[in-house]
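S.K.: The following file, start.cif, comprises mmCIF, C-alpha atoms:
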data_run
loop_
_atom_site.label_atom_id
_atom_site.label_comp_id
_atom_site.auth_asym_id
_atom_site.auth_seq_id
_atom_site.Cartn_x
_atom_site.Cartn_y
_atom_site.Cartn_z
CA MET A 475 10.73 12.79 -0.96
CA SER A 476 9.92 16.40 -1.61
CA THR A 477 7.09 18.70 -2.58
CA LEU A 478 5.54 19.09 -6.00
CA ASN A 479 4.05 22.56 -5.64
CA GLU A 480 7.04 24.12 -7.44
CA ASN A 481 7.55 25.44 -10.95
CA GLU A 482 7.78 22.45 -13.23
CA PRO A 483 10.75 21.58 -15.49
CA ALA A 484 10.74 23.16 -18.92
CA CYS A 485 10.01 21.11 -22.03
CA ILE A 486 11.96 21.69 -25.22
CA GLU A 487 10.05 21.12 -28.45
CA ARG A 488 12.22 20.27 -31.44
CA ASP A 489 10.76 19.80 -34.91
CA HIS A 490 10.25 16.16 -35.88
CA ALA A 491 11.85 14.96 -32.64
CA PRO A 492 10.71 13.42 -29.35
CA LEU A 493 9.96 15.66 -26.39
CA VAL A 494 13.03 16.74 -24.41
CA ILE A 495 12.58 17.79 -20.78
CA ALA A 496 15.24 19.96 -19.17
CA SER A 497 15.55 19.39 -15.42
CA ARG A 498 14.99 22.25 -12.99
CA PRO A 499 17.67 22.60 -10.29
CA ARG A 500 16.49 22.95 -6.71
CA ASP A 501 18.10 23.16 -3.31
CA LEU A 502 16.85 20.84 -0.59
CA GLY A 503 18.49 22.01 2.59
CA GLY A 504 22.05 22.22 1.33
CA PHE A 505 22.23 19.77 -1.55
CA ALA A 506 21.27 20.02 -5.20
CA VAL A 507 18.33 18.24 -6.80
CA ARG A 508 17.42 18.08 -10.50
CA ARG A 509 13.65 17.69 -10.95
CA VAL A 510 12.50 16.25 -14.27
CA LEU A 511 8.99 14.84 -13.78
CA PRO A 512 6.28 16.01 -13.60
CA ALA A 513 6.82 18.54 -16.39
CA ALA A 514 4.54 21.13 -17.96
CA LYS A 515 3.89 19.08 -21.09
CA ARG A 516 4.47 15.61 -19.68
CA ARG A 517 3.00 14.50 -16.36
CA LEU A 518 3.85 10.79 -16.55
CA VAL A 519 6.00 8.38 -18.55
CA GLY A 520 4.26 5.03 -18.15
CA PRO A 521 3.51 5.00 -14.40
CA PHE A 522 6.48 7.27 -13.52
CA VAL A 523 4.98 10.48 -12.11
CA PHE A 524 8.05 11.94 -10.38
CA PHE A 525 11.78 11.85 -11.16
CA ASP A 526 14.46 13.59 -9.06
CA GLU A 527 18.22 13.31 -9.34
CA MET A 528 19.70 13.94 -5.87
CA GLY A 529 23.17 15.46 -5.93
CA PRO A 530 25.97 14.76 -6.43
CA ALA A 531 26.53 16.45 -3.08
CA HIS A 532 29.44 16.46 -0.63
CA PHE A 533 28.78 17.58 2.93
CA GLU A 534 31.11 19.06 5.51
CA VAL A 535 31.94 16.83 8.47
CA GLY A 536 28.91 16.75 10.75
CA GLN A 537 26.49 17.87 8.02
CA GLY A 538 24.06 15.81 5.96
CA MET A 539 20.57 15.36 4.56
CA ASP A 540 17.49 15.44 6.79
CA VAL A 541 14.12 14.82 5.17
CA ARG A 542 11.74 14.89 8.12
CA PRO A 543 8.70 12.56 8.38
CA HIS A 544 6.15 13.24 5.64
CA PRO A 545 3.19 11.29 4.18
CA HIS A 546 2.38 9.64 0.85
CA ILE A 547 -0.73 8.12 -0.74
CA GLY A 548 -1.44 6.48 -4.09
CA LEU A 549 2.12 5.70 -5.19
CA SER A 550 5.29 3.69 -4.70
CA THR A 551 8.64 5.38 -4.08
CA LEU A 552 11.90 3.88 -5.33
CA THR A 553 15.35 5.05 -4.25
CA TYR A 554 18.51 4.02 -6.11
CA LEU A 555 21.93 5.41 -5.15
CA PHE A 556 25.21 5.83 -7.02
CA GLU A 557 27.10 7.22 -4.01
CA GLY A 558 26.55 7.60 -0.25
CA GLU A 559 23.97 6.04 2.04
CA ILE A 560 20.56 6.97 3.47
CA THR A 561 18.68 5.65 6.50
CA HIS A 562 15.00 5.12 5.72
CA ARG A 563 12.41 4.90 8.51
CA ASP A 564 8.66 4.52 8.04
CA SER A 565 5.39 4.16 9.91
CA LEU A 566 5.39 0.40 9.26
CA GLY A 567 8.31 0.15 11.68
CA THR A 568 10.95 -0.28 8.98
CA THR A 569 14.50 0.97 9.52
CA GLN A 570 16.65 0.30 6.46
CA VAL A 571 20.01 1.67 5.33
CA ILE A 572 20.40 1.83 1.57
CA VAL A 573 23.78 1.95 -0.20
CA PRO A 574 24.70 2.17 -3.91
CA GLY A 575 23.20 -0.46 -6.19
CA GLU A 576 20.43 -1.49 -3.77
CA VAL A 577 16.70 -0.75 -3.99
CA ASN A 578 14.34 0.68 -1.39
CA TRP A 579 10.76 0.25 -2.63
CA MET A 580 7.97 1.66 -0.47
CA THR A 581 4.34 1.37 -1.55
CA ALA A 582 2.17 4.00 0.13
CA GLY A 583 -1.26 2.79 -0.96
CA ARG A 584 -3.86 4.19 1.46
CA GLY A 585 -1.15 6.02 3.42
CA VAL A 586 2.33 5.80 4.87
CA VAL A 587 4.79 8.18 6.55
CA HIS A 588 8.58 8.03 6.23
CA SER A 589 11.79 9.96 6.81
CA GLU A 590 15.15 9.88 5.04
CA ARG A 591 18.33 10.98 6.79
CA ILE A 592 22.08 10.58 6.68
CA ALA A 593 23.05 8.85 9.91
CA PRO A 594 25.25 10.59 12.53
CA GLU A 595 28.10 8.07 12.14
CA VAL A 596 28.20 8.77 8.38
CA ARG A 597 28.18 12.55 8.93
CA ALA A 598 31.08 12.20 11.35
CA ARG A 599 33.41 11.03 8.58
CA GLY A 600 32.09 13.42 5.90
CA ALA A 601 29.10 12.36 3.80
CA SER A 602 28.39 12.35 0.08
CA LEU A 603 25.16 11.61 -1.76
CA HIS A 604 24.16 10.95 -5.37
CA GLY A 605 21.17 9.00 -6.64
CA ILE A 606 17.72 8.99 -8.18
CA GLN A 607 14.34 8.90 -6.49
CA VAL A 608 11.22 8.15 -8.51
CA TRP A 609 7.54 7.90 -7.69
CA ILE A 610 5.48 5.32 -9.56
CA ALA A 611 1.74 6.01 -9.55
CA LEU A 612 -0.45 3.08 -8.57
CA PRO A 613 -3.26 1.90 -10.87
CA ARG A 614 -6.69 3.11 -9.74
CA GLU A 615 -7.65 -0.35 -8.43
CA HIS A 616 -4.52 -0.45 -6.22
CA GLU A 617 -4.49 3.13 -4.89
CA GLU A 618 -5.90 2.10 -1.49
CA ILE A 619 -3.92 -1.10 -0.88
CA ASP A 620 -2.13 -1.63 2.42
CA PRO A 621 1.26 0.12 2.62
CA SER A 622 4.38 -2.06 2.33
CA PHE A 623 8.16 -1.86 2.10
CA GLU A 624 10.77 -3.96 0.27
CA HIS A 625 14.55 -3.83 0.24
CA HIS A 626 16.56 -5.62 -2.43
CA ALA A 627 20.33 -6.12 -2.34
CA ALA A 628 22.38 -5.21 -5.39
CA SER A 629 23.17 -8.90 -5.95
CA ALA A 630 19.44 -9.65 -6.43
CA LEU A 631 19.04 -7.34 -9.44
CA PRO A 632 19.60 -8.64 -13.00
CA ARG A 633 22.86 -7.35 -14.51
CA PHE A 634 23.77 -7.85 -18.15
CA THR A 635 25.65 -6.28 -21.03
CA HIS A 636 24.12 -4.67 -24.11
CA GLY A 637 25.34 -3.24 -27.41
CA ASP A 638 28.22 -5.60 -28.29
CA ASP A 639 28.90 -5.98 -24.55
CA SER A 640 29.95 -2.33 -24.30
CA ILE A 641 27.07 -1.10 -22.09
CA GLU A 642 26.56 -2.42 -18.57
CA MET A 643 22.87 -2.65 -17.60
CA THR A 644 21.13 -3.13 -14.25
CA LEU A 645 17.39 -3.84 -14.30
CA ILE A 646 16.03 -2.05 -11.23
CA THR A 647 12.34 -2.89 -11.58
CA GLY A 648 9.94 -4.35 -14.13
CA HIS A 649 11.02 -6.30 -17.21
CA ALA A 650 13.22 -5.45 -20.19
CA TYR A 651 15.75 -7.03 -22.58
CA GLY A 652 14.63 -10.52 -21.61
CA HIS A 653 15.16 -10.01 -17.87
CA LYS A 654 12.80 -9.49 -14.92
CA SER A 655 13.51 -7.71 -11.64
CA PRO A 656 12.42 -9.21 -8.27
CA VAL A 657 11.02 -5.81 -7.17
CA SER A 658 7.21 -5.87 -6.93
CA THR A 659 5.22 -3.89 -9.48
CA TYR A 660 1.51 -3.12 -9.91
CA SER A 661 1.57 -2.09 -13.57
CA GLU A 662 3.58 -2.73 -16.74
CA THR A 663 6.91 -0.95 -16.23
CA PHE A 664 10.69 -0.99 -16.63
CA TYR A 665 13.55 0.95 -15.04
CA VAL A 666 17.20 0.40 -16.02
CA ALA A 667 20.54 1.96 -15.03
CA ALA A 668 23.06 1.83 -17.90
CA ASP A 669 26.79 2.62 -17.78
CA ALA A 670 28.84 2.99 -20.96
CA PRO A 671 32.55 3.20 -20.03
CA ARG A 672 33.54 2.81 -23.70
CA GLY A 673 30.39 4.28 -25.23
CA GLY A 674 28.24 2.42 -27.73
CA THR A 675 24.78 2.06 -29.20
CA LEU A 676 21.94 1.46 -26.78
CA ARG A 677 18.74 0.15 -28.36
CA LEU A 678 15.58 1.40 -26.67
CA THR A 679 13.39 -1.58 -27.49
CA SER A 680 9.74 -1.54 -28.54
CA GLU A 681 8.43 -3.83 -25.79
CA HIS A 682 7.02 -0.87 -23.79
CA GLU A 683 4.51 1.72 -24.98
CA GLU A 684 5.96 4.81 -23.25
CA ARG A 685 9.70 5.23 -22.77
CA ALA A 686 12.23 7.82 -21.71
CA LEU A 687 16.00 8.16 -21.35
CA TYR A 688 17.65 10.44 -18.77
CA VAL A 689 21.33 11.41 -18.88
CA VAL A 690 22.98 11.37 -15.45
CA ARG A 691 26.50 11.82 -16.83
CA GLY A 692 27.90 12.35 -20.31
CA GLU A 693 25.86 12.64 -23.49
CA ALA A 694 23.54 10.65 -25.73
CA ALA A 695 22.26 11.18 -29.28
CA TRP A 696 19.01 9.96 -30.77
CA GLY A 697 20.03 7.66 -33.61
CA GLU A 698 17.24 8.74 -36.00
CA ASP A 699 18.27 12.40 -35.84
CA GLU A 700 22.00 13.07 -35.79
CA GLY A 701 21.41 16.69 -34.81
CA MET A 702 19.64 15.79 -31.57
CA ARG A 703 21.87 15.46 -28.54
CA ILE A 704 20.82 14.99 -24.93
CA GLY A 705 23.12 16.27 -22.20
CA GLU A 706 23.37 15.89 -18.44
CA GLY A 707 20.12 16.62 -16.64
CA GLU A 708 17.95 16.13 -19.74
CA MET A 709 15.29 13.51 -20.42
CA VAL A 710 14.04 12.51 -23.87
CA VAL A 711 10.54 10.96 -24.05
CA ILE A 712 9.80 8.61 -26.94
CA ASP A 713 6.28 7.28 -27.50
CA GLY A 714 5.22 4.56 -29.89
CA LYS A 715 6.33 0.95 -30.06
CA ARG A 716 9.42 1.09 -32.25
CA ASP A 717 13.06 0.29 -31.64
CA VAL A 718 15.14 3.44 -31.24
CA PRO A 719 18.97 3.39 -31.34
CA ILE A 720 20.65 5.78 -28.90
CA GLU A 721 24.34 6.61 -29.28
CA VAL A 722 25.92 6.94 -25.83
CA ALA A 723 29.23 8.77 -25.38
CA PRO A 724 32.13 7.07 -23.56
CA GLY A 725 31.91 7.41 -19.79
CA SER A 726 28.18 8.14 -19.83
CA ARG A 727 25.55 6.96 -17.35
CA VAL A 728 21.88 6.97 -18.38
CA MET A 729 18.56 5.79 -16.92
CA LEU A 730 15.87 4.13 -19.03
CA LEU A 731 12.29 4.12 -17.78
CA GLY A 732 8.66 3.80 -18.76
CA GLY A 733 5.94 1.22 -19.27
CA ALA A 734 2.32 1.01 -20.36
CA HIS A 735 0.13 4.10 -20.38
CA LEU A 736 -1.57 4.40 -16.98
CA PRO A 737 -5.33 5.05 -17.38
CA GLY A 738 -6.99 7.81 -15.34
CA GLU A 739 -5.88 11.38 -14.78
CA ARG A 740 -3.59 11.79 -11.76
CA GLN A 741 -3.91 14.70 -9.36
CA ILE A 742 -0.66 15.62 -7.66
CA PHE A 743 -0.34 17.77 -4.57
CA TRP A 744 2.78 17.80 -2.43
CA ASN A 745 3.52 14.12 -1.68
CA PHE A 746 0.05 12.88 -2.59
CA VAL A 747 -1.01 11.26 -5.88
CA SER A 748 -4.61 10.21 -6.57
CA THR A 749 -7.28 9.84 -9.25
CA SER A 750 -9.83 11.24 -6.77
CA ALA A 751 -10.14 14.91 -5.80
CA GLU A 752 -12.09 13.93 -2.68
CA ARG A 753 -9.36 11.48 -1.62
CA MET A 754 -6.73 14.17 -2.09
CA GLU A 755 -8.63 16.59 0.17
CA ARG A 756 -9.07 13.89 2.80
CA ALA A 757 -5.32 13.18 2.79
CA LYS A 758 -4.57 16.87 3.30
CA ALA A 759 -7.02 17.10 6.20
CA ASP A 760 -5.71 13.89 7.79
CA TRP A 761 -2.10 15.15 7.75
CA LYS A 762 -3.09 18.50 9.25
CA ALA A 763 -5.10 16.70 11.95
CA GLU A 764 -2.19 14.31 12.65
CA LYS A 765 -4.27 11.24 11.76
CA PHE A 766 -1.46 9.57 9.81
CA PRO A 767 0.65 7.06 11.81
CA LYS A 768 3.96 8.10 13.39
CA VAL A 769 7.42 6.91 12.35
CA PRO A 770 8.91 4.86 15.23
CA GLY A 771 12.24 6.38 16.24
CA ASP A 772 11.49 9.65 14.41
CA GLU A 773 8.35 10.99 16.08
CA ILE A 774 9.47 14.42 17.29
CA GLU A 775 9.23 16.49 14.10
CA ARG A 776 7.47 16.37 10.74
CA ILE A 777 7.06 18.42 7.57
CA PRO A 778 3.89 20.55 7.72
CA LEU A 779 1.30 20.56 4.94
CA PRO A 780 2.09 23.35 2.46
CA GLU A 781 -0.52 26.09 2.49
#
Now that the file is in, can you turn its structure into structure tokens?

M.R.:
Amino acid sequence: MSTLNENEPACIERDHAPLVIASRPRDLGGFAVRRVLPAAKRRLVGPFVFFDEMGPAHFEVGQGMDVRPHPHIGLSTLTYLFEGEITHRDSLGTTQVIVPGEVNWMTAGRGVVHSERIAPEVRARGASLHGIQVWIALPREHEEIDPSFEHHAASALPRFTHGDDSIEMTLITGHAYGHKSPVSTYSETFYVAADAPRGGTLRLTSEHEERALYVVRGEAAWGEDEGMRIGEGEMVVIDGKRDVPIEVAPGSRVMLLGGAHLPGERQIFWNFVSTSAERMERAKADWKAEKFPKVPGDEIERIPLPE
């Protein structure tokens, strides 16, 4: 959705504890974003190479978000909302409105262009927006696949309870806790939204090699270290295949994510992700030369390549 040539989020090192990443607040044209990944000491968690919390934001009547057409290569983007709605358009000809609980999954592969805007009819009644956008790096052998887009309704995603039925879980993509999401994946991964209205113990299971927990609302505590607490806008990264109990405060909302280690060093520039320096330079040149395809219905403007 947005550029990566910014100062990266700070990492907090605590003795004998997992890595904690503090998000860095940004402003994207009138609404707040918390950027978590990539961070100075942690570029990826499993295949997750980018993690932004958008909002919560409330716009004046007539105002809203406008992310102009921009390109991607070498990754999939996934948008998941808690509040509001966004109209997605891309160079494949897709026009798709996303609302809370649904999934927009766009795989860029060899190259795609898209825009994200709040529609005029939504702005007219006063818009709000809150959600998470992640980028999932593609394995080297899939970096140049044909671009594609999927939309999944909220009813299609596995929903289940956890921790003595006190934590409500939605599996967004991948597999976890005995469930599998219908969203396509190209590597071993999982991504879960968890709500704890009454609090409880959330067990971060050992089925995935690299794992992280991000606090959207409330507070969580790592069960093996009572002195370690994670607040809003913080992510804790836990490596190693072992079960980890996480105490979640009442009213909290957290995101769980990760997967298998993704081989190959990833280069990241702006909206491009690649294992090849030459491919990255070609993508830059192609965008400057306007060789990427246009977005039908949104052809007039675009975001220029950062210098």

S.K.: Give as a ChimeraX atom specification the residues that the PyMOL selection byres ((chain A and resi 639) around 12) matches when applied to the coordinates above.

M.R.: /A:633-638,640-643,668-676

S.K.: Could you list the residues chosen by the PyMOL selection byres ((chain A and resi 771-781) around 9) in this structure as a PyMOL selection string?

M.R.: chain A and resi 477+479+541-545+563-564+567+569+588-589+744+758+761-762+768-770

S.K.: If you keep C-alpha atoms, can you produce a file of those selected residues as a tab-separated table (two decimals), in the frame of the given file?

M.R.:
chain	number	residue	atom	x	y	z
A	477	THR	CA	7.09	18.70	-2.58
A	479	ASN	CA	4.05	22.56	-5.64
A	541	VAL	CA	14.12	14.82	5.17
A	542	ARG	CA	11.74	14.89	8.12
A	543	PRO	CA	8.70	12.56	8.38
A	544	HIS	CA	6.15	13.24	5.64
A	545	PRO	CA	3.19	11.29	4.18
A	563	ARG	CA	12.41	4.90	8.51
A	564	ASP	CA	8.66	4.52	8.04
A	567	GLY	CA	8.31	0.15	11.68
A	569	THR	CA	14.50	0.97	9.52
A	588	HIS	CA	8.58	8.03	6.23
A	589	SER	CA	11.79	9.96	6.81
A	744	TRP	CA	2.78	17.80	-2.43
A	758	LYS	CA	-4.57	16.87	3.30
A	761	TRP	CA	-2.10	15.15	7.75
A	762	LYS	CA	-3.09	18.50	9.25
A	768	LYS	CA	3.96	8.10	13.39
A	769	VAL	CA	7.42	6.91	12.35
A	770	PRO	CA	8.91	4.86	15.23

S.K.: Run through the PyMOL selection byres ((chain A and resi 579) around 8) on the given coordinates and return the selected residues as a ChimeraX atom specification.

M.R.: /A:550-553,577-578,580-581,623-625,657

S.K.: If we count all atoms listed in the file, what is near A:Phe556 at a cut-off of 7 Å, once residues fewer than 4 positions away on the same chain are taken out, given as an MDAnalysis selection string?

M.R.: chainID A and resid 574:575 604:605

S.K.: Counting all atoms listed in the file, which residue out of A:Gly714, A:Gly558, A:Gly732, A:Gly738 sits closest to A:Phe524?

M.R.: A:Gly732

S.K.: Could you state the separation of atom CA of A:Ile572 and atom CA of A:Ser658 in Å, given to one decimal place?

M.R.: 17.5 Å

S.K.: One number please: atom CA of A:Tyr554 to atom CA of A:Leu645, in Å, one decimal.

M.R.: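 A separation of 11.4 Å between them.
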
S.K.: For a cut-off of 10 Å around (14.7, 4.9, -33.7), file coordinates, pick out all residues using only C-alpha atoms and list them as a PyMOL selection string.

M.R.: chain A and resi 677-680+696-699+712+715-720

S.K.: Compare A:Gly648, A:Pro521, A:Gly692, A:Gly707 by their minimum atom-to-atom distance to A:Ser497, counting only C-alpha atoms, and give me the closest one.

M.R.: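 Of all the options, A:Gly707 lies closest to A:Ser497.
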